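Shown here: model29.txt, compact mmCIF, C-alpha atoms and all ligand atoms.
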```txt
# COMPACT_ATOMS: atom_id res chain seq x y z
CA MET S 1 22.54 -20.08 -20.09
CA GLU S 2 21.99 -17.51 -17.36
CA THR S 3 18.33 -16.69 -16.77
CA ARG S 4 16.82 -14.13 -14.43
CA ILE S 5 13.37 -13.04 -13.36
CA GLY S 6 11.98 -9.58 -12.69
CA PHE S 7 8.80 -8.55 -10.92
CA GLY S 8 6.79 -5.35 -11.34
CA TRP S 9 3.64 -4.00 -9.72
CA ASP S 10 1.67 -0.81 -10.28
CA SER S 11 -1.66 0.82 -9.44
CA HIS S 12 -3.63 3.84 -10.62
CA VAL S 13 -6.98 5.28 -9.58
CA PHE S 14 -9.81 5.73 -12.12
CA LYS S 15 -10.63 9.31 -13.11
CA ALA S 16 -13.34 10.76 -15.36
CA GLY S 17 -12.42 12.74 -18.46
CA VAL S 18 -9.19 10.95 -19.43
CA PRO S 19 -8.79 8.14 -21.98
CA LEU S 20 -8.27 4.63 -20.59
CA ARG S 21 -4.86 3.40 -21.74
CA ILE S 22 -3.93 -0.21 -20.95
CA GLY S 23 -1.26 -2.25 -22.74
CA GLY S 24 -0.59 0.54 -25.24
CA MET S 25 -4.26 0.47 -26.34
CA THR S 26 -7.06 2.97 -25.75
CA LEU S 27 -10.11 1.14 -24.37
CA GLU S 28 -13.75 2.24 -24.51
CA HIS S 29 -14.65 3.24 -20.94
CA PRO S 30 -16.20 6.30 -19.27
CA GLU S 31 -13.07 6.75 -17.10
CA GLY S 32 -9.34 6.52 -17.59
CA LEU S 33 -6.47 6.07 -15.16
CA ALA S 34 -5.11 9.10 -13.35
CA GLY S 35 -1.37 9.52 -13.35
CA HIS S 36 1.42 11.88 -14.20
CA SER S 37 1.88 9.99 -17.49
CA ASP S 38 -0.92 8.31 -19.48
CA GLY S 39 -1.44 5.94 -16.49
CA ASP S 40 -0.88 2.73 -18.47
CA VAL S 41 -0.76 0.42 -15.45
CA LEU S 42 0.15 -2.68 -17.52
CA LEU S 43 3.10 -1.08 -19.34
CA HIS S 44 4.36 0.40 -16.05
CA ALA S 45 4.33 -3.02 -14.34
CA ILE S 46 6.14 -4.63 -17.32
CA THR S 47 8.68 -1.77 -17.37
CA ASP S 48 9.50 -2.40 -13.69
CA ALA S 49 9.68 -6.18 -14.25
CA LEU S 50 12.23 -5.73 -17.06
CA LEU S 51 14.30 -3.20 -15.09
CA GLY S 52 14.11 -5.48 -12.04
CA ALA S 53 15.37 -8.49 -14.00
CA VAL S 54 18.69 -6.73 -14.64
CA ALA S 55 18.69 -4.83 -11.30
CA ALA S 56 18.55 -1.50 -13.15
CA GLY S 57 16.31 0.38 -10.71
CA ASP S 58 12.67 1.17 -11.38
CA ILE S 59 10.54 3.48 -13.49
CA GLY S 60 10.82 6.33 -10.96
CA THR S 61 14.63 6.19 -11.16
CA TYR S 62 14.50 7.35 -14.77
CA PHE S 63 11.20 9.23 -14.92
CA PRO S 64 10.55 11.05 -11.62
CA PRO S 65 6.79 11.73 -11.25
CA ASP S 66 7.46 15.37 -10.29
CA ASP S 67 9.27 16.03 -13.60
CA PRO S 68 6.96 18.09 -15.87
CA ARG S 69 8.48 16.50 -19.00
CA TRP S 70 6.68 13.23 -18.32
CA LYS S 71 3.23 14.81 -17.87
CA ASP S 72 0.72 12.80 -19.98
CA ALA S 73 3.72 10.94 -21.48
CA ASN S 74 3.06 7.88 -23.62
CA SER S 75 4.22 4.96 -21.47
CA VAL S 76 5.83 3.33 -24.50
CA ILE S 77 8.75 5.72 -23.78
CA PHE S 78 9.23 4.04 -20.38
CA LEU S 79 8.98 0.56 -21.87
CA ASN S 80 11.55 1.39 -24.56
CA LEU S 81 14.02 2.60 -21.95
CA ALA S 82 13.60 -0.64 -19.97
CA LEU S 83 14.18 -2.66 -23.17
CA GLU S 84 17.33 -0.68 -23.86
CA GLU S 85 18.62 -1.31 -20.32
CA LEU S 86 17.83 -5.01 -20.72
CA HIS S 87 19.66 -5.27 -24.05
CA ASN S 88 22.61 -3.20 -22.78
CA ALA S 89 22.96 -5.67 -19.91
CA GLY S 90 23.14 -8.48 -22.50
CA PHE S 91 19.69 -10.05 -21.94
CA ARG S 92 16.55 -10.71 -23.96
CA ILE S 93 12.99 -11.57 -22.95
CA VAL S 94 11.95 -15.23 -22.69
CA ASN S 95 8.36 -14.49 -21.62
CA ILE S 96 6.18 -12.01 -19.76
CA ASP S 97 3.21 -12.94 -17.56
CA THR S 98 0.83 -10.33 -16.17
CA THR S 99 -2.34 -10.12 -14.07
CA LEU S 100 -4.51 -7.02 -14.16
CA VAL S 101 -6.81 -6.48 -11.16
CA LEU S 102 -9.75 -4.19 -11.94
CA ALA S 103 -13.54 -4.18 -11.64
CA ALA S 104 -14.19 -2.81 -15.15
CA PRO S 105 -13.94 -2.83 -18.11
CA LYS S 106 -13.76 -6.54 -18.95
CA ILE S 107 -10.28 -7.34 -20.29
CA GLY S 108 -11.08 -10.85 -21.59
CA PRO S 109 -12.63 -9.72 -24.90
CA VAL S 110 -9.60 -7.53 -25.76
CA ALA S 111 -6.85 -9.63 -24.14
CA GLY S 112 -5.81 -11.21 -27.47
CA GLU S 113 -5.48 -7.86 -29.20
CA MET S 114 -3.66 -6.47 -26.16
CA ARG S 115 -1.16 -9.37 -26.21
CA VAL S 116 -0.40 -8.63 -29.88
CA CYS S 117 0.04 -4.92 -29.07
CA VAL S 118 2.37 -5.54 -26.09
CA ALA S 119 4.34 -8.20 -28.03
CA ASP S 120 4.84 -5.70 -30.89
CA LEU S 121 6.05 -3.04 -28.47
CA LEU S 122 8.52 -5.52 -26.94
CA GLY S 123 9.63 -6.96 -30.29
CA ILE S 124 8.65 -10.51 -29.29
CA ASP S 125 5.94 -13.01 -30.31
CA MET S 126 2.40 -13.00 -28.99
CA ASP S 127 2.93 -16.44 -27.39
CA GLN S 128 5.64 -14.91 -25.18
CA VAL S 129 3.12 -12.50 -23.64
CA SER S 130 0.34 -13.49 -21.23
CA ILE S 131 -2.30 -11.01 -20.04
CA LYS S 132 -4.79 -12.21 -17.44
CA ALA S 133 -7.37 -10.20 -15.50
CA LYS S 134 -9.24 -10.56 -12.22
CA THR S 135 -11.76 -8.44 -10.36
CA PRO S 136 -10.69 -7.04 -6.96
CA GLU S 137 -13.35 -9.03 -5.13
CA GLY S 138 -13.61 -8.29 -1.43
CA MET S 139 -10.80 -5.76 -1.51
CA GLY S 140 -12.91 -2.61 -1.69
CA LEU S 141 -10.77 -1.38 -4.57
CA ASP S 142 -13.35 -1.05 -7.34
CA HIS S 143 -12.03 2.37 -8.33
CA VAL S 144 -8.44 1.27 -8.74
CA ALA S 145 -6.61 -0.67 -11.44
CA GLN S 146 -3.61 -2.74 -10.37
CA CYS S 147 -1.20 -4.84 -12.38
CA HIS S 148 1.34 -7.52 -11.45
CA ALA S 149 3.98 -8.56 -14.00
CA VAL S 150 6.84 -11.03 -14.10
CA ALA S 151 9.49 -11.24 -16.80
CA LEU S 152 11.85 -14.13 -17.45
CA VAL S 153 14.97 -13.04 -19.34
CA GLU S 154 18.02 -14.91 -20.65
CA ARG S 155 21.55 -13.80 -21.32
CA THR S 156 22.44 -13.42 -24.98
CA ILE S 157 25.85 -11.81 -24.55
CA GLU S 158 28.36 -13.19 -22.05
CA ALA S 159 29.54 -10.72 -19.39
CA ASP S 160 33.20 -10.64 -20.55
CA GLU S 161 32.10 -10.30 -24.19
CA LEU S 162 29.95 -7.33 -23.14
CA LYS S 163 32.94 -5.79 -21.34
CA SER S 164 35.20 -6.09 -24.39
CA MET S 165 32.42 -4.72 -26.65
CA SER S 166 32.09 -1.59 -24.52
CA ALA S 167 35.89 -1.27 -24.43
CA VAL S 168 35.96 -1.31 -28.27
CA ILE S 169 33.19 1.31 -28.42
CA GLU S 170 35.07 3.48 -25.92
CA THR S 171 38.31 3.19 -27.94
CA GLN S 172 36.43 4.13 -31.13
CA ARG S 173 34.94 7.18 -29.37
CA GLN S 174 38.37 8.26 -28.13
CA LEU S 175 39.84 7.86 -31.63
CA GLU S 176 37.00 9.92 -33.13
CA ASP S 177 37.64 12.63 -30.54
CA VAL S 178 41.35 12.73 -31.37
CA VAL S 179 40.62 12.94 -35.12
CA GLU S 180 38.04 15.70 -34.56
CA ASP S 181 40.43 17.68 -32.35
CA LEU S 182 43.16 17.39 -35.00
CA LEU S 183 40.81 18.43 -37.82
CA SER S 184 39.48 21.40 -35.91
CA SER S 185 42.92 22.59 -34.82
CA VAL S 186 44.63 22.09 -38.21
CA HIS S 187 41.86 22.89 -40.71
CA GLY S 188 39.38 24.76 -38.57
CA VAL S 189 36.74 22.09 -39.27
CA PRO S 190 33.95 22.60 -36.74
CA LYS S 191 33.40 19.73 -34.33
CA LYS S 192 30.43 17.45 -34.91
CA ARG S 193 27.37 18.51 -32.97
CA THR S 194 26.47 15.87 -30.42
CA ILE S 195 22.83 14.81 -30.48
CA ALA S 196 21.08 15.37 -27.17
CA PRO S 197 19.40 12.28 -25.71
CA VAL S 198 15.60 12.29 -25.43
CA TYR S 199 15.86 12.42 -21.66
CA ASP S 200 18.19 14.49 -19.53
CA THR S 201 20.90 12.09 -18.41
CA GLU S 202 21.51 14.19 -15.30
CA ASP S 203 18.22 12.90 -13.98
CA ILE S 204 19.40 9.31 -14.11
CA THR S 205 20.62 8.23 -10.72
ZN ZN F 1 2.04 3.69 -13.06
```
Transcribe the structure of this file into structure tokens.
Ligand SMILES: [Zn+2]
Amino acid sequence: METRIGFGWDSHVFKAGVPLRIGGMTLEHPEGLAGHSDGDVLLHAITDALLGAVAAGDIGTYFPPDDPRWKDANSVIFLNLALEELHNAGFRIVNIDTTLVLAAPKIGPVAGEMRVCVADLLGIDMDQVSIKAKTPEGMGLDHVAQCHAVALVERTIEADELKSMSAVIETQRQLEDVVEDLLSSVHGVPKKRTIAPVYDTEDIT
């Protein structure tokens, strides 16, 4: 069984007047994390760990910070894309381990709830998700939240199986195109409208 690891790291500065979003939860705190999106430092680090495990780039590859569409975006969108990339590459999560580094608020009392929340978002069990927290002692970074994440993943679909699966899908698509072309040319049946993806694929490099 092929296994791989991925590592992710992220940081955001605290800012008054925005909600504090960590691990997909909103925490009681006078300040939130500044960022182009909702600033969820934990989900961003996990997103990069998952993308890294299958060498699929990083969060900025798919969601450039200067793109107005991702302003105040819910970071679950980023996590879902990373999960999709992971599954498309034929892998699933074995476990995730994370360490948050922040002066406040205390994560310990909500860590259990946060593990359940993150596990739900990833479609795995709570015991596959670890969330630890430390204070940035001696680093002079009391106004910053950082997060480190590692992900262990294992292959569920063999590489050649994956190749033949995508070949079958491609053949089916080609067949559908031929049938649609025939129908539209013979009977004037309008072609099926293609559904636009949630993100602009031109932005994916
Ligand atoms: Zn971030």
Requested in this report: List every protein, DNA or RNA residue with an atom no more than 8 Å from (1.5, -4.0, -18.2) in the file's coordinates, counting all atoms listed in the file, and format the result as an MDAnalysis selection string.
Outcome: chainID S and resid 22:23 40:47 98 100 147:149
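Nearest residue to ligand ZN 1 (chain F) among S:Ala145, S:Ala89, S:Ala133, S:Val94 is S:Ala145, counting all atoms listed in the file.
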Query raised in the report: Between S:Ile93, S:Val54, S:Leu182, S:Leu86, which has the minimum distance to S:Ala151 (counting all atoms listed in the file)?
Result: S:Ile93
Query - atom CA of S:Pro64 to atom CA of S:Val13, distance in Å rounded to a single decimal - result: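 That distance, rounded to one decimal, is 18.6 Å.
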Requested in this report: Please identify all polymer residues within 10 Å of S:Asp127, counting all atoms listed in the file, omitting same-chain residues fewer than 6 positions from it, and present them as a ChimeraX atom specification.
Outcome: /S:95-96,115-116,119
Write out as a Markdown table the residues of stretch 41-145 of chain S that have any atom within 7 Å of an atom of stretch 3-8 of chain S, one row each with the nearest atom pair and its distance in Å to one decimal, counting all atoms listed in the file, sorted by chain and then rising number.
```
| residue | atom | partner | partner_atom | distance |
| --- | --- | --- | --- | --- |
| S:Ala45 | CA | S:Gly8 | CA | 4.5 |
| S:Ile46 | CA | S:Gly8 | CA | 6.1 |
| S:Asp48 | CA | S:Gly8 | CA | 4.6 |
| S:Ala49 | CA | S:Phe7 | CA | 4.2 |
| S:Leu50 | CA | S:Gly6 | CA | 5.8 |
| S:Gly52 | CA | S:Gly6 | CA | 4.7 |
| S:Ala53 | CA | S:Gly6 | CA | 3.8 |
```
Query - Coordinates-based distance that separates atom CA of S:Lys132 from atom CA of S:Leu33 (Å, one decimal) - result: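 Interatomic distance, atom CA of S:Leu33 to atom CA of S:Lys132: 18.5 Å.
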Query raised in the report: With only C-alpha atoms as the basis for distance, which of S:Gly35, S:Gly57, S:Gly188, S:Pro136 is at the shortest distance from S:Phe14?
Result: S:Gly35
Requested in this report: Just give me the gap between atom CA of S:Asp125 and atom CA of S:Glu161 in Å, one decimal is fine.
Outcome: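 These atoms are spaced 27.0 Å apart.
With distances taken over all atoms listed in the file, S:Val144 is the one residue among S:Ala16, S:Leu183, S:Val144, S:Met139 lying closest to ligand ZN 1 (chain F).
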Query raised in the report: Within 6 Å of (-7.4, 10.0, -18.9), all atoms listed in the file: residues as a PyMOL selection string?
Result: chain S and resi 17-20+32-33
Query raised in the report: What's the 10 Å shell around S:Thr156, counting all atoms listed in the file, without same-chain residues fewer than 3 positions away, as a count of residues only?
Result: 12
**Report entry** Pick from S:Arg69, S:His29, S:His143, S:Lys134, whichever lies nearest to S:His12 using all atoms listed in the file
**Finding:**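 Ranked by minimum distance to S:His12, first place goes to S:His143.
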Query raised in the report: Between S:Thr135, S:Thr171, S:Asn74, S:Thr99, which one has atoms that come closest to ligand ZN 1 (chain F), using all atoms listed in the file?
Result: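 Of S:Thr135, S:Thr171, S:Asn74, S:Thr99, the one nearest ligand ZN 1 (chain F), counting all atoms listed in the file, is S:Asn74.
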